[in-house]
$ cat coords.cif   # mmCIF, C-alpha atoms
data_final
loop_
_atom_site.label_atom_id
_atom_site.label_comp_id
_atom_site.auth_asym_id
_atom_site.auth_seq_id
_atom_site.Cartn_x
_atom_site.Cartn_y
_atom_site.Cartn_z
CA MET A 26 -18.30 -13.18 -30.13
CA SER A 27 -20.23 -9.91 -29.86
CA ASP A 28 -18.56 -6.60 -29.05
CA LEU A 29 -20.09 -6.69 -25.56
CA GLY A 30 -18.84 -10.23 -25.02
CA LYS A 31 -15.34 -9.16 -26.01
CA LEU A 32 -15.61 -6.12 -23.76
CA ASN A 33 -16.55 -8.33 -20.82
CA ASP A 34 -13.59 -10.60 -21.47
CA ARG A 35 -11.18 -7.68 -21.74
CA ILE A 36 -12.43 -6.05 -18.54
CA ALA A 37 -12.13 -9.38 -16.73
CA GLN A 38 -8.58 -9.76 -18.03
CA ILE A 39 -7.60 -6.24 -16.97
CA ARG A 40 -9.22 -6.74 -13.55
CA ASP A 41 -7.47 -10.07 -12.99
CA ARG A 42 -4.13 -8.74 -14.18
CA ALA A 43 -4.39 -5.82 -11.75
CA LEU A 44 -5.38 -8.09 -8.85
CA ASN A 45 -2.45 -10.41 -9.64
CA GLN A 46 -0.08 -7.46 -9.73
CA LEU A 47 -1.38 -6.30 -6.36
CA ASP A 48 -0.81 -9.76 -4.93
CA THR A 49 2.71 -9.84 -6.37
CA ALA A 50 3.50 -6.45 -4.85
CA HIS A 51 2.13 -7.60 -1.50
CA ASP A 52 4.19 -10.78 -1.64
CA TYR A 53 7.28 -8.69 -2.33
CA TYR A 54 6.50 -6.56 0.72
CA VAL A 55 5.80 -9.46 3.07
CA PHE A 56 8.64 -11.72 1.96
CA THR A 57 11.17 -8.89 2.02
CA ILE A 58 10.13 -7.94 5.54
CA ARG A 59 10.50 -11.57 6.54
CA LEU A 60 14.01 -11.68 5.13
CA TRP A 61 15.04 -8.55 6.98
CA GLY A 62 13.43 -9.91 10.13
CA HIS A 63 15.36 -13.11 9.65
CA LEU A 64 18.58 -11.14 9.44
CA GLN A 65 17.71 -9.11 12.53
CA SER A 66 17.00 -12.27 14.46
CA GLU A 67 20.17 -14.02 13.30
CA VAL A 68 22.41 -11.09 14.21
CA GLU A 69 20.77 -10.19 17.50
CA GLN A 70 20.11 -13.65 18.85
CA ASN A 71 22.62 -15.87 17.12
CA GLN A 72 25.52 -13.46 16.61
CA ALA A 73 25.63 -13.98 12.84
CA THR A 74 28.30 -11.94 11.10
CA LEU A 75 28.47 -10.77 7.51
CA ILE A 76 29.82 -8.04 5.29
CA PHE A 77 28.08 -6.62 2.22
CA HIS A 78 29.82 -4.43 -0.33
CA ASN A 79 28.26 -2.31 -3.07
CA ALA A 80 30.91 -1.79 -5.74
CA SER A 81 28.92 1.02 -7.40
CA THR A 82 28.75 3.24 -4.32
CA ASN A 83 31.78 1.71 -2.61
CA THR A 84 29.64 1.26 0.49
CA THR A 85 30.56 -1.54 2.84
CA VAL A 86 28.38 -2.57 5.78
CA ASP A 87 28.73 -5.24 8.37
CA GLN A 88 25.88 -6.88 10.27
CA HIS A 89 25.52 -3.91 12.62
CA GLY A 90 25.29 -1.46 9.75
CA LEU A 91 22.72 -3.66 8.10
CA LEU A 92 20.58 -3.68 11.24
CA ILE A 93 20.42 0.11 11.02
CA GLN A 94 19.39 -0.08 7.37
CA ALA A 95 17.00 -2.96 7.95
CA GLN A 96 14.65 -1.07 10.19
CA ARG A 97 14.48 1.87 7.79
CA TYR A 98 13.91 -0.45 4.84
CA LYS A 99 11.14 -2.30 6.68
CA SER A 100 9.30 0.66 8.09
CA TRP A 101 9.80 3.23 5.34
CA GLU A 102 11.51 2.40 2.04
CA LEU A 103 9.66 -0.83 1.42
CA PRO A 104 6.08 0.27 2.23
CA ALA A 105 6.71 3.57 0.42
CA SER A 106 7.65 1.61 -2.67
CA THR A 107 4.73 -0.81 -2.56
CA ILE A 108 2.11 1.85 -1.78
CA GLN A 109 3.27 3.67 -4.90
CA GLN A 110 2.90 0.40 -6.79
CA PHE A 111 -0.64 -0.15 -5.45
CA VAL A 112 -1.73 3.27 -6.70
CA SER A 113 -0.02 2.82 -10.08
CA ILE A 114 -1.70 -0.56 -10.53
CA PHE A 115 -5.07 1.03 -9.83
CA GLU A 116 -4.44 3.87 -12.26
CA VAL A 117 -3.41 1.52 -15.06
CA PHE A 118 -6.49 -0.63 -14.36
CA PHE A 119 -8.83 2.37 -14.28
CA PHE A 120 -7.66 3.89 -17.55
CA ASP A 121 -7.32 0.54 -19.31
CA VAL A 122 -10.93 -0.41 -18.60
CA LEU A 123 -12.10 3.04 -19.66
CA ARG A 124 -10.16 2.68 -22.90
CA GLU A 125 -11.78 -0.69 -23.58
CA TRP A 126 -15.18 0.79 -22.82
CA PHE A 127 -14.68 3.68 -25.22
CA LEU A 128 -13.52 1.34 -27.99
CA VAL A 129 -16.96 -0.30 -27.82
CA PHE A 130 -18.84 2.94 -27.13
CA PRO A 131 -16.80 5.53 -29.07
CA GLN A 132 -19.66 8.02 -29.09
CA GLU A 133 -18.63 8.79 -25.50
CA VAL A 134 -15.55 10.61 -26.79
CA TYR A 135 -17.04 12.24 -29.88
CA ASP A 136 -17.02 15.65 -28.23
CA LYS A 137 -13.21 15.59 -28.18
CA GLN A 138 -11.55 17.49 -30.99
CA ILE A 139 -8.45 16.80 -33.03
CA SER A 140 -6.82 18.94 -35.67
CA GLY A 141 -6.98 18.40 -39.40
CA ARG A 142 -3.23 17.85 -39.36
CA GLU A 143 -3.67 14.96 -36.91
CA ILE A 144 -6.54 13.49 -38.93
CA ALA A 145 -4.45 13.64 -42.10
CA SER A 146 -1.69 11.67 -40.41
CA LEU A 147 -4.04 8.84 -39.36
CA THR A 148 -4.89 5.84 -41.48
CA ASP A 149 -8.59 5.28 -40.79
CA LYS A 150 -11.58 5.92 -38.52
CA ASN A 151 -10.35 3.44 -35.90
CA ALA A 152 -7.07 5.30 -35.62
CA ILE A 153 -8.96 8.58 -35.20
CA ILE A 154 -11.07 7.06 -32.43
CA GLU A 155 -7.91 5.80 -30.72
CA VAL A 156 -6.54 9.35 -30.68
CA LEU A 157 -9.83 10.75 -29.39
CA ILE A 158 -9.84 8.18 -26.60
CA GLN A 159 -6.24 8.93 -25.73
CA LYS A 160 -6.98 12.65 -25.49
CA GLU A 161 -10.01 11.99 -23.33
CA LEU A 162 -8.09 9.72 -20.95
CA ILE A 163 -5.23 12.19 -20.60
CA SER A 164 -7.66 14.97 -19.72
CA ILE A 165 -9.26 12.76 -17.04
CA ALA A 166 -5.92 11.68 -15.61
CA TYR A 167 -5.15 15.31 -14.81
CA GLN A 168 -8.41 15.76 -12.92
CA LYS A 169 -8.70 15.15 -9.19
CA PRO A 170 -9.02 11.42 -8.35
CA ALA A 171 -12.16 12.35 -6.42
CA ASP A 172 -13.75 13.23 -9.77
CA TRP A 173 -12.65 10.04 -11.53
CA PHE A 174 -15.43 7.94 -10.08
CA ALA A 175 -18.21 10.38 -10.97
CA TYR A 176 -16.77 10.49 -14.47
CA LEU A 177 -16.75 6.70 -14.69
CA SER A 178 -20.38 6.57 -13.58
CA LYS A 179 -21.41 9.23 -16.06
CA ARG A 180 -19.66 7.61 -19.00
CA THR A 181 -20.58 4.00 -18.30
CA GLY A 182 -23.92 4.42 -16.55
CA VAL A 183 -22.74 2.24 -13.68
CA ASP A 184 -23.85 3.19 -10.19
CA PHE A 185 -20.80 3.15 -7.96
CA LYS A 186 -22.58 4.60 -4.97
CA LYS A 187 -22.50 1.24 -3.25
CA ALA A 188 -19.37 -0.86 -3.24
CA ASP A 189 -20.92 -4.32 -3.08
CA SER A 190 -17.79 -6.37 -2.73
CA PHE A 191 -16.37 -4.12 -0.07
CA LYS A 192 -16.12 -5.95 3.20
CA LYS A 193 -17.03 -3.92 6.21
CA ASP A 194 -14.31 -5.33 8.43
CA ILE A 195 -11.52 -4.42 6.04
CA ALA A 196 -11.46 -0.65 6.38
CA GLN A 197 -13.01 -0.41 9.80
CA PRO A 198 -9.87 0.86 11.53
CA PHE A 199 -9.98 3.80 9.12
CA TYR A 200 -13.68 4.43 8.96
CA GLU A 201 -16.76 3.64 10.94
CA THR A 202 -18.72 2.55 7.90
CA VAL A 203 -17.74 1.69 4.38
CA GLU A 204 -21.16 1.12 2.88
CA GLU A 205 -21.26 4.46 1.23
CA PHE A 206 -19.09 4.70 -1.82
CA GLU A 207 -18.26 8.26 -0.87
CA THR A 208 -16.27 6.91 2.06
CA VAL A 209 -14.44 4.40 -0.11
CA LYS A 210 -13.69 7.12 -2.62
CA GLN A 211 -12.28 9.36 0.09
CA ALA A 212 -10.11 6.53 1.35
CA PHE A 213 -8.71 6.01 -2.13
CA CYS A 214 -8.07 9.75 -2.56
CA GLU A 215 -6.15 9.74 0.71
CA ILE A 216 -3.98 6.84 -0.45
CA LYS A 217 -3.35 8.62 -3.74
CA ALA A 218 -2.45 11.79 -1.81
CA THR A 219 -0.10 9.75 0.37
CA ARG A 220 1.57 8.39 -2.75
CA ASP A 221 2.05 11.94 -4.07
CA VAL A 222 3.58 13.05 -0.76
CA LEU A 223 5.94 10.06 -0.82
CA ILE A 224 7.12 10.99 -4.30
CA HIS A 225 7.26 14.76 -4.03
CA ALA A 226 7.68 15.63 -0.35
CA ASN A 227 9.60 12.76 1.25
CA GLY A 228 6.52 11.72 3.20
CA VAL A 229 6.03 15.02 4.99
CA VAL A 230 2.50 16.37 4.75
CA ASN A 231 1.96 19.59 2.81
CA ALA A 232 -1.03 21.69 1.78
CA GLN A 233 -1.50 19.67 -1.41
CA TYR A 234 -1.90 16.51 0.64
CA LEU A 235 -4.62 18.09 2.77
CA GLU A 236 -6.46 19.28 -0.31
CA LYS A 237 -6.24 15.94 -2.13
CA ALA A 238 -6.96 13.76 0.91
CA GLY A 239 -9.94 15.87 1.98
CA PRO A 240 -11.82 14.58 5.00
CA ALA A 241 -9.70 11.40 5.09
CA ALA A 242 -6.47 13.34 5.78
CA ARG A 243 -4.58 11.61 8.58
CA VAL A 244 -2.16 14.18 9.93
CA ALA A 245 -1.46 17.90 9.86
CA ILE A 246 1.00 19.90 7.73
CA GLY A 247 4.64 19.26 8.58
CA GLN A 248 4.04 15.83 10.10
CA ARG A 249 5.43 12.69 8.58
CA LEU A 250 2.93 10.15 7.29
CA ASP A 251 2.86 6.72 8.88
CA ILE A 252 2.86 4.18 6.06
CA GLY A 253 3.68 0.97 7.92
CA ASP A 254 1.07 -1.57 8.92
CA PRO A 255 -1.88 -1.43 9.44
CA TYR A 256 -2.09 1.44 6.92
CA HIS A 257 -0.14 -0.48 4.28
CA GLN A 258 -2.34 -3.54 4.64
CA GLN A 259 -5.54 -1.51 4.57
CA SER A 260 -4.40 0.33 1.44
CA TRP A 261 -3.77 -2.94 -0.34
CA GLU A 262 -7.15 -4.33 0.71
CA LEU A 263 -9.03 -1.18 -0.23
CA ILE A 264 -7.48 -0.94 -3.68
CA SER A 265 -7.96 -4.67 -4.28
CA CYS A 266 -11.65 -4.40 -3.38
CA LEU A 267 -12.08 -1.26 -5.45
CA ILE A 268 -10.59 -2.91 -8.54
CA GLU A 269 -12.72 -6.00 -8.06
CA ASP A 270 -15.83 -3.92 -7.52
CA ILE A 271 -15.35 -1.60 -10.50
CA GLY A 272 -14.42 -4.52 -12.76
CA ASN A 273 -17.41 -6.59 -11.71
CA LYS A 274 -19.88 -3.74 -12.06
CA LEU A 275 -18.64 -2.82 -15.51
CA ILE A 276 -18.90 -6.46 -16.59
CA GLN A 277 -22.42 -6.62 -15.17
CA LYS A 278 -23.36 -3.43 -17.02
CA ALA A 279 -21.99 -4.66 -20.32
CA THR A 280 -23.79 -8.01 -20.12
CA MET B 25 10.80 -9.20 31.09
CA THR B 26 13.02 -12.18 30.43
CA ASN B 27 13.36 -13.82 27.03
CA SER B 28 12.04 -17.37 27.47
CA ILE B 29 14.61 -18.72 24.99
CA THR B 30 17.81 -16.91 25.89
CA LYS B 31 16.90 -16.25 29.54
CA LYS B 32 18.22 -12.73 29.04
CA ARG B 33 16.39 -9.44 29.44
CA ILE B 34 14.20 -8.55 26.45
CA VAL B 35 15.64 -5.36 25.03
CA VAL B 36 14.38 -2.73 22.63
CA SER B 37 16.91 -2.49 19.80
CA THR B 38 17.46 1.00 18.42
CA PRO B 39 20.07 0.79 15.68
CA GLY B 40 20.69 4.37 14.60
CA ASP B 41 17.67 6.63 14.30
CA THR B 42 15.76 4.43 11.90
CA GLY B 43 13.26 2.97 14.32
CA SER B 44 13.19 0.47 17.13
CA TYR B 45 12.23 -3.15 17.35
CA ILE B 46 12.05 -6.00 19.81
CA ILE B 47 12.71 -9.68 19.16
CA VAL B 48 10.17 -11.64 21.16
CA PRO B 49 9.83 -15.42 21.52
CA LEU B 50 6.54 -16.55 20.04
CA ASP B 51 5.24 -17.82 23.38
CA GLN B 52 5.60 -14.31 24.83
CA ILE B 53 4.24 -12.30 21.93
CA GLU B 54 0.68 -11.97 23.24
CA GLU B 55 2.01 -10.76 26.58
CA VAL B 56 4.08 -8.04 24.92
CA LYS B 57 1.26 -6.96 22.62
CA LYS B 58 -1.13 -6.76 25.57
CA LEU B 59 1.38 -4.68 27.51
CA PHE B 60 1.84 -2.21 24.66
CA ASP B 61 -1.87 -2.08 23.90
CA GLU B 62 -2.68 -1.29 27.52
CA HIS B 63 -0.16 1.55 27.54
CA GLY B 64 -1.02 2.93 24.13
CA VAL B 65 2.34 2.08 22.58
CA LYS B 66 1.91 1.86 18.80
CA TYR B 67 3.65 -0.98 17.02
CA TRP B 68 3.36 -3.42 14.18
CA CYS B 69 4.51 -7.00 13.98
CA ASP B 70 6.39 -8.67 11.15
CA PRO B 71 4.01 -10.81 9.07
CA ASP B 72 5.18 -14.12 10.51
CA ALA B 73 7.25 -15.64 13.24
CA ILE B 74 10.74 -16.74 12.28
CA SER B 75 12.52 -19.97 13.08
CA SER B 76 15.87 -20.84 11.59
CA ASN B 77 17.90 -24.01 11.90
CA GLY B 78 15.27 -25.57 14.13
CA ARG B 79 15.53 -22.91 16.82
CA PRO B 80 12.35 -21.72 18.60
CA PHE B 81 10.14 -19.23 16.79
CA VAL B 82 10.58 -15.54 17.45
CA MET B 83 8.59 -12.57 16.23
CA ILE B 84 9.76 -9.04 15.61
CA VAL B 85 7.69 -6.25 17.10
CA ASN B 86 8.43 -2.94 15.39
CA LEU B 87 7.70 0.28 17.24
CA LYS B 88 6.12 3.07 15.22
CA PHE B 89 8.71 5.72 14.39
CA TYR B 90 7.21 8.26 16.76
CA GLU B 91 7.31 5.95 19.79
CA ASP B 92 9.88 6.44 22.53
CA PRO B 93 12.03 3.28 22.81
CA VAL B 94 13.02 4.16 26.38
CA HIS B 95 9.36 4.18 27.42
CA ALA B 96 8.83 0.79 25.76
CA GLN B 97 11.94 -0.59 27.48
CA ASN B 98 10.72 0.65 30.88
CA LEU B 99 7.39 -1.06 30.35
CA LEU B 100 9.16 -4.34 29.50
CA ASP B 101 11.52 -4.00 32.46
CA ASN B 102 8.68 -3.35 34.87
CA MET B 103 6.73 -6.37 33.74
CA ASN B 104 6.90 -9.33 36.04
CA ASP B 105 7.85 -12.59 34.41
CA GLY B 106 4.94 -14.99 34.67
#
$ encode --input "coords.cif" --output "structure tokens"
Amino acid sequence: MSDLGKLNDRIAQIRDRALNQLDTAHDYYVFTIRLWGHLQSEVEQNQATLIFHNASTNTTVDQHGLLIQAQRYKSWELPASTIQQFVSIFEVFFFDVLREWFLVFPQEVYDKQISGREIASLTDKNAIIEVLIQKELISIAYQKPADWFAYLSKRTGVDFKKADSFKKDIAQPFYETVEEFETVKQAFCEIKATRDVLIHANGVVNAQYLEKAGPAARVAIGQRLDIGDPYHQQSWELISCLIEDIGNKLIQKAT
Amino acid sequence: MTNSITKKRIVVSTPGDTGSYIIVPLDQIEEVKKLFDEHGVKYWCDPDAISSNGRPFVMIVNLKFYEDPVHAQNLLDNMNDG
């Protein structure tokens, strides 16, 4: 098989793995909510009783205590966790396909520099290219997500201005149109900014969020982000479509 | 509004300060959603209706964290049972 044929296969594998991981994360979200809902229904309507004990924290809760936790788990802890997963899955996908691309087109990273000491510690040219690629990817990872897509276009020659597989109805509650890739990109940057706020600021919007989210920012500084449905669902759909679209276009380009 | 299964008043549950929810029989869900939509009450529904041990299906309507549960309860209380 030619290098391009192998590249196509690898991109397809990375795309499909990412889409499967997104589905798994979504299943976890939906099924867990169903279980908590089941508990709420059993306790409220059928007077079910139970006691849970956590030996590590020595916390004991009965059914009433669990109802208090359940609503927080459903509306905050669970979507916060899965939104972080969605973004991580995208990031792994994005940098994995770039790595595969550079392995076939290493000239794209030839302007990176490594020291003589590093070269001396490497076994051959392939190992040197691996290090160059790694350095390149790390430098991109630290750039703004808004710049990632322009970078991808520049390095691969793929036109991402139009997101072909993006379905108009999916993101409509967020945006009036999704034809322009700029809009899709902004939506992704907002989700990434939301993820950062969940990790670093307990979900309360700060100046960094506004800067990263740009025109797609949803609330003002000091307000808590709403991450339940429909936002959670739309985030999953947007990232799924983005991964499918990028994967398909790269495959098309390499054919 | 009366729960069509239990024949009791449909109540907004507010356990602690972690958000409110309402358990609604499936045959009344559209009515409740319409009521909240008309009054701008923001909510989200669990992904599916639940039925256990052969009992009728119910669905959980979760109020957004910034919604006032008292307002939602008043809307439900003022709704005439069809």
$ resolve_selection --input "coords.cif" --expression "the PyMOL selection byres ((chain B and resi 86-102) around 6)" --output "list in words"
Met25, Val36, Gly43, Ser44, Tyr45, Lys66, Tyr67, Trp68, Cys69, Val85 and Met103 of chain B
$ interface_residues --input "coords.cif" --of "chain B" --to "chain A" --cutoff "6 Å" --atoms "all atoms listed in the file" --output "list in words"
Pro39, Gly40, Thr42 and Gly43 of chain B
$ atom_distance --input "coords.cif" --atom1 "CA of Ala37 (chain A)" --atom2 "CA of Gly272 (chain A)"
6.7 Å
$ resolve_selection --input "coords.cif" --expression "the PyMOL selection byres ((chain B and resi 48) around 10)" --output "ChimeraX atom specification"
/A:66 /B:26-29,34-36,45-47,49-56,73,81-85
$ atom_distance --input "coords.cif" --atom1 "CA of Ala43 (chain A)" --atom2 "CA of Cys266 (chain A)"
11.2 Å
$ atom_distance --input "coords.cif" --atom1 "CA of Phe206 (chain A)" --atom2 "CA of Thr181 (chain A)"
16.6 Å
$ closest_residue --input "coords.cif" --among "A:Thr107, A:Ser113, A:Gln248, A:Asn45" --to "Asn227 (chain A)" --atoms "all atoms listed in the file"
A:Gln248
$ residues_around --input "coords.cif" --residues "region 153-161 of chain A" --least-positions-apart "2" --cutoff "8 Å" --atoms "all atoms listed in the file" --output "list in words"
Arg124, Phe127, Leu128, Pro131, Val134, Tyr135, Lys137, Gln138, Ile139, Ile144, Leu147, Thr148, Asp149, Lys150, Asn151, Ile163, Ser164 and Ile165 of chain A
$ closest_residue --input "coords.cif" --among "A:Asn231, A:Gly30, A:Gln259, A:Gln132" --to "Gly247 (chain A)" --atoms "only C-alpha atoms"
A:Asn231
$ residues_around --input "coords.cif" --residues "Ile264 (chain A)" --least-positions-apart "3" --cutoff "8 Å" --atoms "all atoms listed in the file" --output "list in words"
Phe111, Val112, Phe115, Phe213, Ser260, Trp261, Leu267 and Ile268 of chain A
$ resolve_selection --input "coords.cif" --expression "the PyMOL selection byres ((chain A and resi 170) around 10)" --output "MDAnalysis selection string"
chainID A and resid 116 165:169 171:176 210:211 213:215 217:218 237:238
$ write_last_selection --input "coords.cif" --atoms "C-alpha atoms" --output "PDB file, in the coordinates of the input"
ATOM      1  CA  GLU A 116      -4.440   3.870 -12.260  1.00  0.00           C
ATOM      2  CA  ILE A 165      -9.260  12.760 -17.040  1.00  0.00           C
ATOM      3  CA  ALA A 166      -5.920  11.680 -15.610  1.00  0.00           C
ATOM      4  CA  TYR A 167      -5.150  15.310 -14.810  1.00  0.00           C
ATOM      5  CA  GLN A 168      -8.410  15.760 -12.920  1.00  0.00           C
ATOM      6  CA  LYS A 169      -8.700  15.150  -9.190  1.00  0.00           C
ATOM      7  CA  ALA A 171     -12.160  12.350  -6.420  1.00  0.00           C
ATOM      8  CA  ASP A 172     -13.750  13.230  -9.770  1.00  0.00           C
ATOM      9  CA  TRP A 173     -12.650  10.040 -11.530  1.00  0.00           C
ATOM     10  CA  PHE A 174     -15.430   7.940 -10.080  1.00  0.00           C
ATOM     11  CA  ALA A 175     -18.210  10.380 -10.970  1.00  0.00           C
ATOM     12  CA  TYR A 176     -16.770  10.490 -14.470  1.00  0.00           C
ATOM     13  CA  LYS A 210     -13.690   7.120  -2.620  1.00  0.00           C
ATOM     14  CA  GLN A 211     -12.280   9.360   0.090  1.00  0.00           C
ATOM     15  CA  PHE A 213      -8.710   6.010  -2.130  1.00  0.00           C
ATOM     16  CA  CYS A 214      -8.070   9.750  -2.560  1.00  0.00           C
ATOM     17  CA  GLU A 215      -6.150   9.740   0.710  1.00  0.00           C
ATOM     18  CA  LYS A 217      -3.350   8.620  -3.740  1.00  0.00           C
ATOM     19  CA  ALA A 218      -2.450  11.790  -1.810  1.00  0.00           C
ATOM     20  CA  LYS A 237      -6.240  15.940  -2.130  1.00  0.00           C
ATOM     21  CA  ALA A 238      -6.960  13.760   0.910  1.00  0.00           C
TER      22      ALA A 238
END
$ closest_residue --input "coords.cif" --among "A:Leu75, A:Val230, A:Val183, A:Val244" --to "Ala279 (chain A)" --atoms "only C-alpha atoms"
A:Val183
$ build_atoms --input "coords.cif" --residues "region 52-71 of chain A" --atoms "N, CA and C atoms" --output "tab-separated table (two decimals), in the frame of the given file"
chain	number	residue	atom	x	y	z
A	52	ASP	N	3.24	-9.71	-1.93
A	52	ASP	CA	4.19	-10.78	-1.64
A	52	ASP	C	5.61	-10.21	-1.48
A	53	TYR	N	5.95	-9.32	-2.39
A	53	TYR	CA	7.28	-8.69	-2.33
A	53	TYR	C	7.46	-8.00	-0.98
A	54	TYR	N	6.44	-7.29	-0.56
A	54	TYR	CA	6.50	-6.56	0.72
A	54	TYR	C	6.67	-7.55	1.89
A	55	VAL	N	5.80	-8.53	1.93
A	55	VAL	CA	5.80	-9.46	3.07
A	55	VAL	C	7.09	-10.30	3.10
A	56	PHE	N	7.46	-10.84	1.96
A	56	PHE	CA	8.64	-11.72	1.96
A	56	PHE	C	9.92	-10.93	2.24
A	57	THR	N	9.97	-9.70	1.76
A	57	THR	CA	11.17	-8.89	2.02
A	57	THR	C	11.26	-8.54	3.50
A	58	ILE	N	10.13	-8.22	4.10
A	58	ILE	CA	10.13	-7.94	5.54
A	58	ILE	C	10.57	-9.18	6.31
A	59	ARG	N	10.10	-10.32	5.86
A	59	ARG	CA	10.50	-11.57	6.54
A	59	ARG	C	12.01	-11.78	6.45
A	60	LEU	N	12.55	-11.49	5.29
A	60	LEU	CA	14.01	-11.68	5.13
A	60	LEU	C	14.79	-10.73	6.04
A	61	TRP	N	14.35	-9.49	6.09
A	61	TRP	CA	15.04	-8.55	6.98
A	61	TRP	C	14.87	-8.96	8.44
A	62	GLY	N	13.67	-9.43	8.76
A	62	GLY	CA	13.43	-9.91	10.13
A	62	GLY	C	14.32	-11.09	10.46
A	63	HIS	N	14.50	-11.95	9.47
A	63	HIS	CA	15.36	-13.11	9.65
A	63	HIS	C	16.79	-12.65	9.96
A	64	LEU	N	17.24	-11.67	9.21
A	64	LEU	CA	18.58	-11.14	9.44
A	64	LEU	C	18.70	-10.52	10.83
A	65	GLN	N	17.69	-9.73	11.20
A	65	GLN	CA	17.71	-9.11	12.53
A	65	GLN	C	17.81	-10.17	13.62
A	66	SER	N	17.01	-11.20	13.46
A	66	SER	CA	17.00	-12.27	14.46
A	66	SER	C	18.34	-13.00	14.51
A	67	GLU	N	18.90	-13.29	13.34
A	67	GLU	CA	20.17	-14.02	13.30
A	67	GLU	C	21.31	-13.22	13.93
A	68	VAL	N	21.32	-11.91	13.67
A	68	VAL	CA	22.41	-11.09	14.21
A	68	VAL	C	22.23	-10.87	15.71
A	69	GLU	N	21.00	-10.55	16.09
A	69	GLU	CA	20.77	-10.19	17.50
A	69	GLU	C	20.82	-11.41	18.42
A	70	GLN	N	20.24	-12.51	17.96
A	70	GLN	CA	20.11	-13.65	18.85
A	70	GLN	C	21.18	-14.71	18.64
A	71	ASN	N	21.68	-14.78	17.42
A	71	ASN	CA	22.62	-15.87	17.12
A	71	ASN	C	24.00	-15.36	16.70
